[in-house]
$ cat work.txt   # compact mmCIF, C-alpha atoms
# COMPACT_ATOMS: atom_id res chain seq x y z
CA MET A 613 -3.07 -52.92 -32.14
CA PRO A 614 0.63 -51.98 -31.77
CA PHE A 615 2.39 -53.77 -28.90
CA HIS A 616 3.17 -50.64 -26.93
CA HIS A 617 -0.56 -49.78 -26.82
CA ILE A 618 -1.41 -53.28 -25.59
CA ARG A 619 1.29 -53.04 -22.92
CA ARG A 620 -0.06 -49.70 -21.76
CA LEU A 621 -3.62 -51.05 -21.49
CA LEU A 622 -2.41 -54.07 -19.52
CA ARG A 623 -0.46 -51.82 -17.17
CA ARG A 624 -3.38 -49.46 -16.49
CA PRO A 625 -6.85 -50.94 -16.96
CA ARG A 626 -9.38 -48.27 -17.82
CA ARG A 627 -11.98 -47.64 -15.12
CA GLU A 628 -15.02 -45.42 -15.38
CA THR A 629 -14.32 -43.81 -12.02
CA LEU A 630 -11.03 -42.26 -10.95
CA ARG A 631 -9.12 -41.99 -7.70
CA LEU A 632 -8.01 -38.38 -7.41
CA LEU A 633 -5.71 -36.71 -4.90
CA PHE A 634 -5.69 -32.89 -4.90
CA VAL A 635 -2.93 -31.11 -2.98
CA ASN A 636 -3.25 -27.49 -1.82
CA PHE A 637 -0.04 -25.54 -1.13
CA GLY A 638 -1.70 -23.77 1.82
CA GLN A 639 -4.35 -24.20 4.46
CA ALA A 640 -7.83 -25.53 3.80
CA ASP A 641 -9.45 -22.09 3.88
CA ASN A 642 -7.17 -20.21 1.47
CA ASN A 643 -8.40 -18.84 -1.85
CA SER A 644 -7.07 -21.79 -3.82
CA ALA A 645 -9.09 -24.13 -1.60
CA GLN A 646 -12.29 -22.67 -3.03
CA HIS A 647 -11.17 -23.73 -6.52
CA ILE A 648 -9.97 -27.16 -5.40
CA ASN A 649 -13.04 -27.91 -3.29
CA GLY A 650 -15.31 -26.90 -6.15
CA PHE A 651 -13.65 -29.43 -8.44
CA ALA A 652 -13.55 -32.07 -5.70
CA ARG A 653 -17.23 -31.63 -4.90
CA ALA A 654 -18.30 -31.86 -8.55
CA LEU A 655 -16.08 -34.87 -9.30
CA ALA A 656 -17.21 -36.71 -6.17
CA ALA A 657 -20.83 -36.14 -7.22
CA LEU A 658 -19.99 -37.98 -10.46
CA GLY A 659 -18.80 -41.01 -8.47
CA HIS A 660 -15.05 -40.39 -8.40
CA THR A 661 -13.05 -41.00 -5.21
CA VAL A 662 -11.47 -37.73 -4.09
CA THR A 663 -9.18 -36.57 -1.28
CA VAL A 664 -7.94 -32.99 -0.80
CA ALA A 665 -4.71 -32.60 1.19
CA SER A 666 -3.71 -29.24 2.63
CA VAL A 667 -1.69 -27.68 5.44
CA LYS A 668 -3.17 -28.18 8.94
CA SER A 669 -6.60 -28.94 7.54
CA VAL A 670 -7.58 -31.74 9.93
CA PRO A 671 -5.74 -33.69 12.65
CA ASP A 672 -2.91 -35.85 11.38
CA GLY A 673 -3.96 -39.37 10.43
CA GLU A 674 -7.62 -38.44 9.97
CA PHE A 675 -9.83 -38.02 6.91
CA GLN A 676 -12.64 -35.53 7.33
CA PRO A 677 -15.69 -35.98 5.07
CA LEU A 678 -16.91 -32.90 3.20
CA ASP A 679 -19.52 -32.80 0.43
CA GLY A 680 -18.75 -36.30 -0.85
CA PHE A 681 -14.94 -36.08 -0.71
CA HIS A 682 -12.40 -36.10 2.14
CA LEU A 683 -9.97 -33.58 3.60
CA ALA A 684 -6.61 -34.58 5.04
CA SER A 685 -3.38 -32.92 6.12
CA HIS A 686 -0.05 -32.98 4.28
CA ARG A 687 1.28 -35.19 7.08
CA THR A 688 -1.47 -37.71 6.49
CA VAL A 689 -1.16 -37.78 2.70
CA PRO A 690 1.34 -39.04 1.82
CA GLY A 691 2.10 -40.58 5.21
CA GLU A 692 4.12 -43.63 6.05
CA LYS A 693 1.12 -45.58 7.35
CA THR A 694 -1.87 -43.96 5.65
CA GLY A 695 -3.09 -44.16 2.10
CA ALA A 696 -4.60 -41.42 -0.01
CA PHE A 697 -8.18 -42.43 0.80
CA PRO A 698 -9.88 -43.48 4.04
CA GLY A 699 -10.07 -47.24 4.56
CA SER A 700 -8.24 -48.02 1.33
CA ALA A 701 -4.67 -48.87 0.37
CA ALA A 702 -5.39 -48.05 -3.27
CA ALA A 703 -3.03 -45.62 -4.98
CA PRO A 704 -4.40 -42.46 -6.62
CA ASP A 705 -4.65 -42.48 -10.41
CA LEU A 706 -3.83 -38.78 -10.52
CA ILE A 707 -2.11 -36.42 -8.09
CA HIS A 708 -3.22 -32.89 -8.97
CA VAL A 709 -1.08 -30.34 -7.12
CA TRP A 710 -1.72 -26.63 -6.81
CA THR A 711 1.27 -24.64 -8.06
CA PRO A 712 4.96 -25.60 -8.46
CA ARG A 713 5.98 -23.97 -5.16
CA GLU A 714 8.64 -25.64 -3.08
CA ILE A 715 6.29 -27.02 -0.44
CA ILE A 716 4.40 -28.78 -3.23
CA ARG A 717 7.51 -30.05 -5.03
CA ASP A 718 8.69 -31.75 -1.83
CA LEU A 719 5.31 -33.35 -1.21
CA ALA A 720 4.87 -34.44 -4.84
CA ASN A 721 8.25 -36.18 -4.78
CA ARG A 722 7.25 -38.07 -1.65
CA ALA A 723 3.87 -38.97 -3.11
CA LEU A 724 5.34 -40.27 -6.35
CA ALA A 725 7.91 -42.30 -4.44
CA ARG A 726 4.99 -43.90 -2.59
CA TRP A 727 2.75 -44.26 -5.67
CA PRO A 728 5.05 -44.38 -8.72
CA ARG A 729 2.27 -45.29 -11.17
CA ALA A 730 0.23 -42.19 -10.36
CA ARG A 731 0.19 -39.37 -12.90
CA LEU A 732 1.27 -35.92 -11.69
CA ILE A 733 -0.68 -32.84 -12.80
CA ILE A 734 0.57 -29.38 -11.75
CA HIS A 735 -1.83 -26.43 -11.64
CA LEU A 736 -0.61 -22.92 -12.50
CA GLU A 737 -2.55 -19.98 -11.11
CA ASP A 738 0.09 -17.20 -11.13
CA ASN A 739 3.30 -16.09 -12.77
CA GLU A 740 5.46 -17.70 -10.09
CA ASP A 741 8.64 -16.02 -11.36
CA THR A 742 7.04 -12.59 -10.86
CA LEU A 743 5.82 -13.50 -7.37
CA PHE A 744 9.31 -14.68 -6.46
CA HIS A 745 10.75 -11.38 -7.67
CA ARG A 746 8.19 -9.22 -5.84
CA HIS A 747 8.66 -11.12 -2.58
CA THR A 748 12.45 -11.39 -2.61
CA GLY A 749 13.67 -8.54 -4.83
CA LEU A 750 15.58 -11.08 -6.94
CA THR A 751 14.79 -12.09 -10.48
CA VAL A 752 14.76 -15.81 -11.12
CA ALA A 753 17.89 -15.40 -13.26
CA ASP A 754 19.62 -13.57 -10.40
CA ALA A 755 18.65 -16.32 -7.97
CA ARG A 756 19.95 -19.11 -10.18
CA ALA A 757 23.33 -17.36 -10.39
CA LEU A 758 23.77 -17.32 -6.60
CA ASP A 759 25.50 -20.03 -4.63
CA ASP A 760 23.54 -21.90 -1.98
CA ALA A 761 24.75 -19.77 0.91
CA ALA A 762 23.61 -16.56 -0.77
CA LEU A 763 20.31 -17.97 -2.07
CA VAL A 764 19.01 -19.85 0.96
CA PRO A 765 17.97 -16.72 2.93
CA HIS A 766 15.67 -15.77 0.05
CA LEU A 767 13.99 -19.16 -0.25
CA SER A 768 10.56 -19.83 1.17
CA ARG A 769 8.45 -22.96 0.96
CA GLY A 770 5.62 -20.63 -0.01
CA LEU A 771 7.50 -19.64 -3.19
CA ILE A 772 9.18 -21.57 -5.99
CA ASP A 773 12.80 -22.58 -5.73
CA PRO A 774 14.17 -21.18 -9.02
CA ARG A 775 16.78 -23.96 -9.18
CA HIS A 776 14.17 -26.75 -9.26
CA ALA A 777 10.85 -25.33 -10.50
CA PRO A 778 11.54 -25.70 -14.28
CA ASP A 779 12.45 -29.38 -14.00
CA PHE A 780 9.48 -29.96 -11.70
CA LEU A 781 7.11 -28.54 -14.31
CA ARG A 782 8.65 -30.68 -17.05
CA SER A 783 8.33 -33.80 -14.88
CA ALA A 784 4.52 -33.60 -14.81
CA SER A 785 2.23 -35.58 -17.07
CA GLY A 786 0.43 -32.32 -17.75
CA LEU A 787 -0.33 -28.83 -16.51
CA THR A 788 -3.64 -27.16 -15.80
CA LEU A 789 -4.00 -23.40 -16.10
CA VAL A 790 -6.39 -21.20 -14.15
CA TYR A 791 -6.62 -19.10 -17.31
CA ARG A 792 -5.46 -19.46 -20.90
CA SER A 793 -3.01 -16.54 -20.65
CA LEU A 794 -0.76 -18.76 -18.53
CA ALA A 795 -0.10 -20.88 -21.64
CA ALA A 796 2.82 -18.54 -22.35
CA LEU A 797 4.55 -19.97 -19.26
CA VAL A 798 4.10 -23.65 -20.17
CA PRO A 799 7.33 -25.46 -21.11
CA ALA A 800 7.54 -26.34 -24.80
CA GLY A 801 5.81 -29.60 -25.61
CA GLN A 802 4.11 -29.93 -22.24
CA PRO A 803 0.37 -30.88 -22.44
CA SER A 804 -1.86 -28.30 -20.76
CA CYS A 805 -5.52 -27.52 -20.23
CA GLU A 806 -7.34 -24.42 -19.00
CA ILE A 807 -9.58 -25.08 -15.99
CA VAL A 808 -11.23 -21.89 -14.78
CA PRO A 809 -12.69 -21.71 -11.27
CA LEU A 810 -15.99 -23.48 -10.83
CA ILE A 811 -18.52 -20.98 -9.46
CA ASP A 812 -21.71 -22.33 -7.88
CA PRO A 813 -24.62 -20.38 -9.44
CA ALA A 814 -26.90 -21.08 -6.47
CA PHE A 815 -24.33 -20.07 -3.84
CA PHE A 816 -23.65 -16.82 -5.70
CA ALA A 817 -27.27 -16.22 -6.69
CA PRO A 818 -28.26 -12.57 -7.27
CA ALA A 819 -30.30 -10.94 -4.52
CA PRO A 820 -30.90 -7.45 -3.12
CA PRO A 821 -28.70 -6.23 -0.26
CA ASP A 822 -29.77 -7.33 3.22
CA PRO A 823 -30.84 -4.13 5.06
CA SER A 824 -29.99 -5.56 8.48
CA LEU A 825 -26.45 -6.44 7.39
CA ARG A 826 -26.07 -3.00 5.82
CA HIS A 827 -27.02 -1.45 9.16
CA ALA A 828 -24.67 -3.77 11.07
CA LEU A 829 -21.81 -2.77 8.77
CA GLY A 830 -22.50 0.91 9.44
CA ILE A 831 -23.19 1.83 5.81
CA PRO A 832 -24.98 5.22 5.72
CA ALA A 833 -28.30 5.62 3.95
CA GLY A 834 -27.78 6.67 0.35
CA ALA A 835 -24.12 5.62 0.20
CA THR A 836 -22.94 3.64 -2.81
CA VAL A 837 -21.03 0.51 -1.85
CA ILE A 838 -17.99 -0.51 -3.89
CA GLY A 839 -17.01 -4.14 -3.36
CA TYR A 840 -13.56 -5.70 -3.34
CA ASN A 841 -12.70 -9.20 -2.10
CA GLY A 842 -9.17 -10.45 -1.75
CA ASN A 843 -5.99 -10.39 0.26
CA ASP A 844 -3.23 -7.79 0.23
CA HIS A 845 0.22 -9.20 -0.49
CA HIS A 846 3.53 -8.18 -2.02
CA GLY A 847 2.30 -9.04 -5.49
CA ASN A 848 -0.60 -6.56 -5.55
CA THR A 849 0.32 -3.59 -3.36
CA GLU A 850 0.18 -1.11 -6.24
CA ASP A 851 -3.27 -2.39 -7.23
CA ILE A 852 -4.55 -1.91 -3.67
CA ARG A 853 -3.21 1.65 -3.63
CA GLN A 854 -5.11 2.24 -6.87
CA LEU A 855 -8.27 0.91 -5.21
CA TYR A 856 -7.99 3.35 -2.30
CA ALA A 857 -7.03 6.22 -4.62
CA THR A 858 -10.26 5.66 -6.56
CA VAL A 859 -12.24 6.02 -3.35
CA GLN A 860 -10.37 9.22 -2.54
CA ILE A 861 -11.23 10.75 -5.93
CA LEU A 862 -14.92 9.86 -5.57
CA LEU A 863 -15.01 11.39 -2.09
CA ASP A 864 -13.28 14.53 -3.38
CA ARG A 865 -15.95 14.78 -6.08
CA GLY A 866 -18.65 14.82 -3.42
CA HIS A 867 -19.95 11.25 -3.65
CA SER A 868 -21.05 9.27 -0.61
CA VAL A 869 -19.25 5.96 -1.07
CA ARG A 870 -18.04 3.08 1.06
CA LEU A 871 -15.48 0.48 0.07
CA LEU A 872 -16.48 -2.90 1.50
CA ARG A 873 -13.50 -5.24 1.72
CA THR A 874 -13.11 -8.87 2.71
CA GLY A 875 -9.85 -10.73 3.15
CA HIS A 876 -6.55 -10.06 4.88
CA THR A 877 -5.26 -6.50 4.50
CA LEU A 878 -1.94 -4.74 5.02
CA PRO A 879 -2.87 -1.72 7.21
CA GLU A 880 0.20 0.25 6.16
CA ILE A 881 -1.22 0.69 2.65
CA LEU A 882 -4.44 2.30 3.85
CA ASP A 883 -2.65 4.27 6.58
CA ALA A 884 -0.91 6.32 3.88
CA PHE A 885 -4.26 7.79 2.78
CA PRO A 886 -6.20 10.69 4.37
CA ALA A 887 -8.56 10.13 7.28
CA SER A 888 -11.59 10.58 4.98
CA VAL A 889 -10.53 7.57 2.92
CA ARG A 890 -9.76 5.46 5.97
CA ALA A 891 -13.23 6.24 7.32
CA ALA A 892 -14.82 5.16 4.03
CA VAL A 893 -13.24 1.70 4.07
CA ILE A 894 -15.15 -1.09 5.80
CA SER A 895 -12.75 -4.00 6.24
CA CYS A 896 -14.46 -7.22 7.28
CA GLY A 897 -11.34 -9.35 7.41
CA PHE A 898 -11.33 -13.00 6.45
CA LEU A 899 -14.93 -14.19 6.52
CA PRO A 900 -16.34 -17.72 6.76
CA ARG A 901 -17.18 -18.82 3.23
CA GLU A 902 -20.90 -19.20 3.94
CA THR A 903 -21.23 -15.52 4.90
CA LEU A 904 -19.40 -14.16 1.87
CA PRO A 905 -22.25 -13.81 -0.67
CA ALA A 906 -24.41 -11.77 1.73
CA HIS A 907 -21.56 -9.31 2.21
CA MET A 908 -20.83 -9.17 -1.52
CA ARG A 909 -24.49 -8.41 -2.29
CA GLN A 910 -24.11 -5.14 -0.41
CA ALA A 911 -22.05 -3.83 -3.32
CA GLY A 912 -23.62 -1.79 -6.08
CA PHE A 913 -20.62 -2.69 -8.23
CA PHE A 914 -17.15 -4.18 -7.91
CA LEU A 915 -13.79 -2.72 -8.79
CA GLN A 916 -10.88 -4.94 -9.84
CA PRO A 917 -7.83 -2.64 -9.93
CA GLY A 918 -4.65 -3.26 -11.87
CA GLY A 919 -3.68 -3.36 -15.52
CA PRO A 920 -2.00 -5.94 -17.76
CA ASP A 921 1.39 -6.28 -16.09
CA GLU A 922 3.40 -9.47 -15.58
CA PHE A 923 1.34 -10.31 -12.49
CA ASN A 924 -2.20 -9.53 -13.65
CA THR A 925 -1.83 -10.89 -17.17
CA HIS A 926 -0.91 -14.41 -16.08
CA ARG A 927 -3.73 -15.12 -13.66
CA LEU A 928 -7.49 -15.07 -13.21
CA PRO A 929 -8.66 -13.42 -9.98
CA ALA A 930 -11.37 -15.86 -8.88
CA LYS A 931 -13.30 -13.02 -7.29
CA VAL A 932 -14.09 -11.59 -10.73
CA PRO A 933 -16.16 -14.64 -11.83
CA GLU A 934 -17.90 -14.46 -8.45
CA TYR A 935 -18.73 -10.78 -9.03
CA LEU A 936 -20.16 -11.62 -12.43
CA MET A 937 -22.20 -14.55 -11.10
CA LEU A 938 -23.79 -12.22 -8.52
CA ALA A 939 -25.10 -10.04 -11.37
CA ARG A 940 -23.18 -6.98 -10.26
CA PRO A 941 -21.30 -4.67 -12.67
CA VAL A 942 -17.52 -4.99 -12.66
CA ILE A 943 -14.96 -2.29 -13.48
CA MET A 944 -11.61 -3.76 -14.52
CA GLY A 945 -8.56 -3.24 -16.71
CA THR A 946 -7.69 -5.13 -19.87
CA ALA A 947 -5.86 -8.03 -18.19
CA ASN A 948 -6.92 -11.71 -18.21
CA LEU A 949 -10.72 -12.18 -18.34
CA ALA A 950 -11.33 -8.72 -19.83
CA ALA A 951 -10.40 -10.19 -23.22
CA GLU A 952 -13.67 -12.16 -23.16
CA LEU A 953 -15.92 -9.42 -21.81
CA THR A 954 -17.52 -6.60 -23.79
CA HIS A 955 -17.24 -3.01 -22.63
CA GLN A 956 -20.59 -1.52 -21.56
CA GLU A 957 -22.34 -4.81 -22.34
CA ASN A 958 -21.36 -7.15 -19.48
CA ALA A 959 -18.57 -5.16 -17.79
CA LEU A 960 -16.74 -1.85 -17.88
CA ILE A 961 -13.30 -2.46 -19.39
CA LEU A 962 -10.81 0.38 -19.03
CA PRO A 963 -8.03 0.50 -21.67
CA GLU A 964 -5.94 2.37 -19.12
CA MET A 965 -6.66 1.36 -15.55
CA THR A 966 -5.97 4.40 -13.37
CA ALA A 967 -7.70 5.63 -10.25
CA ARG A 968 -9.13 8.59 -12.17
CA ASN A 969 -10.49 6.42 -14.97
CA ALA A 970 -11.95 3.99 -12.45
CA ALA A 971 -13.68 6.88 -10.68
CA ASP A 972 -15.10 8.08 -14.00
CA ALA A 973 -16.47 4.59 -14.67
CA ALA A 974 -17.99 4.47 -11.18
CA GLU A 975 -19.76 7.76 -11.83
CA TRP A 976 -21.07 6.37 -15.13
CA LEU A 977 -22.69 3.50 -13.20
CA MET A 978 -24.00 5.64 -10.35
CA ALA A 979 -25.63 8.07 -12.79
CA ASP A 980 -27.92 5.41 -14.30
CA PRO A 981 -29.05 2.56 -11.98
CA ALA A 982 -31.09 0.92 -14.75
CA ARG A 983 -28.02 0.75 -16.96
CA ALA A 984 -26.02 -0.73 -14.09
CA THR A 985 -28.70 -3.39 -13.54
CA ALA A 986 -28.68 -4.38 -17.21
CA LEU A 987 -24.90 -4.64 -17.12
CA GLY A 988 -25.11 -6.94 -14.09
CA THR A 989 -27.74 -9.16 -15.71
CA ALA A 990 -25.52 -9.63 -18.76
CA ALA A 991 -22.57 -10.37 -16.48
CA ARG A 992 -24.54 -13.22 -14.86
CA HIS A 993 -25.36 -14.71 -18.28
CA PHE A 994 -21.67 -14.68 -19.17
CA ALA A 995 -20.69 -16.31 -15.87
CA LEU A 996 -23.24 -19.11 -16.25
CA ALA A 997 -21.87 -20.02 -19.67
CA ARG A 998 -18.22 -19.85 -18.58
CA PHE A 999 -17.95 -20.89 -14.91
CA ALA A 1000 -20.89 -23.17 -14.05
CA PRO A 1001 -20.08 -26.86 -13.37
CA ASP A 1002 -21.35 -28.16 -16.71
CA ALA A 1003 -18.94 -25.79 -18.48
CA VAL A 1004 -15.88 -26.59 -16.36
CA ILE A 1005 -15.89 -30.27 -15.39
CA PRO A 1006 -16.17 -32.06 -18.79
CA PRO A 1007 -12.91 -30.62 -20.22
CA LEU A 1008 -11.11 -31.34 -16.93
CA LEU A 1009 -12.22 -34.98 -16.98
CA ALA A 1010 -11.25 -35.28 -20.64
CA PHE A 1011 -7.77 -33.99 -19.82
CA TYR A 1012 -7.44 -36.46 -16.96
CA ARG A 1013 -8.39 -39.34 -19.27
CA GLN A 1014 -5.85 -38.21 -21.86
CA ARG A 1015 -3.08 -38.11 -19.28
CA LEU A 1016 -3.93 -41.63 -18.13
CA GLY A 1017 -3.71 -42.89 -21.70
$ encode --input "work.txt" --output "structure tokens"
Amino acid sequence: MPFHHIRRLLRRPRRETLRLLFVNFGQADNNSAQHINGFARALAALGHTVTVASVKSVPDGEFQPLDGFHLASHRTVPGEKTGAFPGSAAAPDLIHVWTPREIIRDLANRALARWPRARLIIHLEDNEDTLFHRHTGLTVADARALDDAALVPHLSRGLIDPRHAPDFLRSASGLTLVYRSLAALVPAGQPSCEIVPLIDPAFFAPAPPDPSLRHALGIPAGATVIGYNGNDHHGNTEDIRQLYATVQILLDRGHSVRLLRTGHTLPEILDAFPASVRAAVISCGFLPRETLPAHMRQAGFFLQPGGPDEFNTHRLPAKVPEYLMLARPVIMGTANLAAELTHQENALILPEMTARNAADAAEWLMADPARATALGTAARHFALARFAPDAVIPPLLAFYRQRLG
């Protein structure tokens, strides 16, 4: 065996189980947490030691047990007096951080200073350059040309810092991608691996709508429920307008419909629409995770607005796999996951995603309930093959092992 291989093996003995530290850029109940916790839960069940650090998740200095792994705050991990795991001074083998945003870059630098032998993995779930532009009005190139005094007012720890993000990405041992389309954003020569969201088939099991919940939500008898989960933000305002415009067209055509929304909304978007549309939107706000499937099952179908622009192409809305797992039809444009779905077989894929075309597709579903049911059944079969734990975890573990050498 060549000497450098022997030296590497002596430096890092191979163990069957791994010590893994996941780091969330936000709080423990954000959308990314559902991805992270799914991986943490599955890996802990295989015997790996796992901590998930996030903003304000639990009191500083404490580790909260959850489904076989532990939650901690950013102040606890990495802290001056605490390790990455409760009751242990052992360093993590891998530090897997969610996104290259500035809050994460700072924390990763501190963690690697504390545990220099740990491998850093950075997860990409969006086109961060596009998000920076939509939030600040500056392109990344514009921002890099500014001096510090001019740039600082535009910087946010919730966004990338365009001056540092490229080097941060190149510093990692590898990158994970929420969807393969993000490969176009990976620096040349950087190892990467797609890890799609892990969707629990039992948690998102198909079931009929709960009549009592339907009544509590004020859904009229005979109304068709369109589902949409997700937050409004500067990156998707045009898509949300398209969602409401679809409802308006269906109402104008004489259909009794309700749009059932979960997540944080920007009221000013809906306020621009007529009173009839506002009355047809049922906004449930941010719901506890355990109540989400029951609300989603009220939907006859789901609508994922937006076409293949710089934002939608380089991401995978995690709600779409959840829709599919629930065995409900999905109407969507040609971005991201649509490339793997088949029109009128397991989804309705619109070559041009407009409000009018989405309304036409909704009418196609409403006209034939049996056809809609068959579409939903096929959607569930696709989701089981693509997003269940036994499809997601093995390639992730293989990538981890490769990065450790």
$ atom_distance --input "work.txt" --atom1 "atom CA of A:Ser700" --atom2 "atom CA of A:Gly659"
16.0 Å
$ axis_aligned_box --input "work.txt" --around "stretch 921-935 of chain A" --padding-each-side "5 Å" --output "JSON"
{"center_x": -7.7, "center_y": -11.1, "center_z": -12.2, "size_x": 32.1, "size_y": 19.6, "size_z": 19.9}
$ closest_atom_pairs --input "work.txt" --of "stretch 873-962 of chain A" --to "stretch 843-860 of chain A" --cutoff "8 Å" --atoms "only C-alpha atoms" --output "CSV"
residue,atom,partner,partner_atom,distance
A:Thr874,CA,A:Asn843,CA,7.7
A:Gly875,CA,A:Asn843,CA,4.8
A:His876,CA,A:Asn843,CA,4.7
A:Thr877,CA,A:Asp844,CA,4.9
A:Leu878,CA,A:Asp844,CA,5.8
A:Ile881,CA,A:Arg853,CA,6.7
A:Leu882,CA,A:Tyr856,CA,7.2
A:Phe885,CA,A:Tyr856,CA,7.7
A:Ser888,CA,A:Gln860,CA,7.7
A:Val889,CA,A:Gln860,CA,5.7
A:Ala892,CA,A:Val859,CA,7.9
A:Leu915,CA,A:Leu855,CA,7.5
A:Gln916,CA,A:Leu855,CA,7.9
A:Pro917,CA,A:Asp851,CA,5.3
A:Gly918,CA,A:Asp851,CA,4.9
A:Phe923,CA,A:Gly847,CA,7.2
$ closest_residue --input "work.txt" --among "A:Cys805, A:Leu1016, A:Ile838, A:Ala723" --to "A:Ser793" --atoms "all atoms listed in the file"
A:Cys805
$ closest_residue --input "work.txt" --among "A:His686, A:Arg631, A:Leu732, A:Phe815" --to "A:Arg782" --atoms "all atoms listed in the file"
A:Leu732
$ residues_around --input "work.txt" --residues "A:Val808" --least-positions-apart "4" --cutoff "10 Å" --atoms "all atoms listed in the file" --output "mmCIF file with C-alpha atoms, in the frame of the given file"
data_model
loop_
_atom_site.group_PDB
_atom_site.id
_atom_site.type_symbol
_atom_site.label_atom_id
_atom_site.label_comp_id
_atom_site.auth_asym_id
_atom_site.auth_seq_id
_atom_site.Cartn_x
_atom_site.Cartn_y
_atom_site.Cartn_z
ATOM 1 C CA HIS A 647 -11.170 -23.730 -6.520
ATOM 2 C CA GLU A 737 -2.550 -19.980 -11.110
ATOM 3 C CA THR A 788 -3.640 -27.160 -15.800
ATOM 4 C CA LEU A 789 -4.000 -23.400 -16.100
ATOM 5 C CA VAL A 790 -6.390 -21.200 -14.150
ATOM 6 C CA TYR A 791 -6.620 -19.100 -17.310
ATOM 7 C CA ARG A 792 -5.460 -19.460 -20.900
ATOM 8 C CA LEU A 928 -7.490 -15.070 -13.210
ATOM 9 C CA ALA A 930 -11.370 -15.860 -8.880
ATOM 10 C CA PRO A 933 -16.160 -14.640 -11.830
ATOM 11 C CA ARG A 998 -18.220 -19.850 -18.580
ATOM 12 C CA PHE A 999 -17.950 -20.890 -14.910
ATOM 13 C CA ALA A 1000 -20.890 -23.170 -14.050
ATOM 14 C CA ALA A 1003 -18.940 -25.790 -18.480
ATOM 15 C CA VAL A 1004 -15.880 -26.590 -16.360
ATOM 16 C CA ILE A 1005 -15.890 -30.270 -15.390
ATOM 17 C CA LEU A 1008 -11.110 -31.340 -16.930
#
$ closest_atom_pairs --input "work.txt" --of "stretch 806-901 of chain A" --to "stretch 638-644 of chain A" --cutoff "9 Å" --atoms "all atoms listed in the file" --output "JSON lines"
{"residue": "A:Gly842", "atom": "CA", "partner": "A:Asn643", "partner_atom": "CA", "distance": 8.4}
{"residue": "A:Pro900", "atom": "CA", "partner": "A:Asp641", "partner_atom": "CA", "distance": 8.7}
{"residue": "A:Arg901", "atom": "CA", "partner": "A:Asp641", "partner_atom": "CA", "distance": 8.4}
$ write_last_selection --input "work.txt" --atoms "C-alpha atoms" --output "compact mmCIF listing (two decimals), keeping the file's coordinate frame"
# COMPACT_ATOMS: atom_id res chain seq x y z
CA GLY A 842 -9.17 -10.45 -1.75
CA PRO A 900 -16.34 -17.72 6.76
CA ARG A 901 -17.18 -18.82 3.23
$ residues_around --input "work.txt" --residues "stretch 958-963 of chain A" --least-positions-apart "5" --cutoff "8 Å" --atoms "all atoms listed in the file" --output "list in words"
Pro941, Val942, Ile943, Met944, Gly945, Thr946, Ala950, Leu953, Asn969, Ala970, Ala973, Leu987, Gly988, Thr989, Ala990, Ala991 and Phe994 of chain A
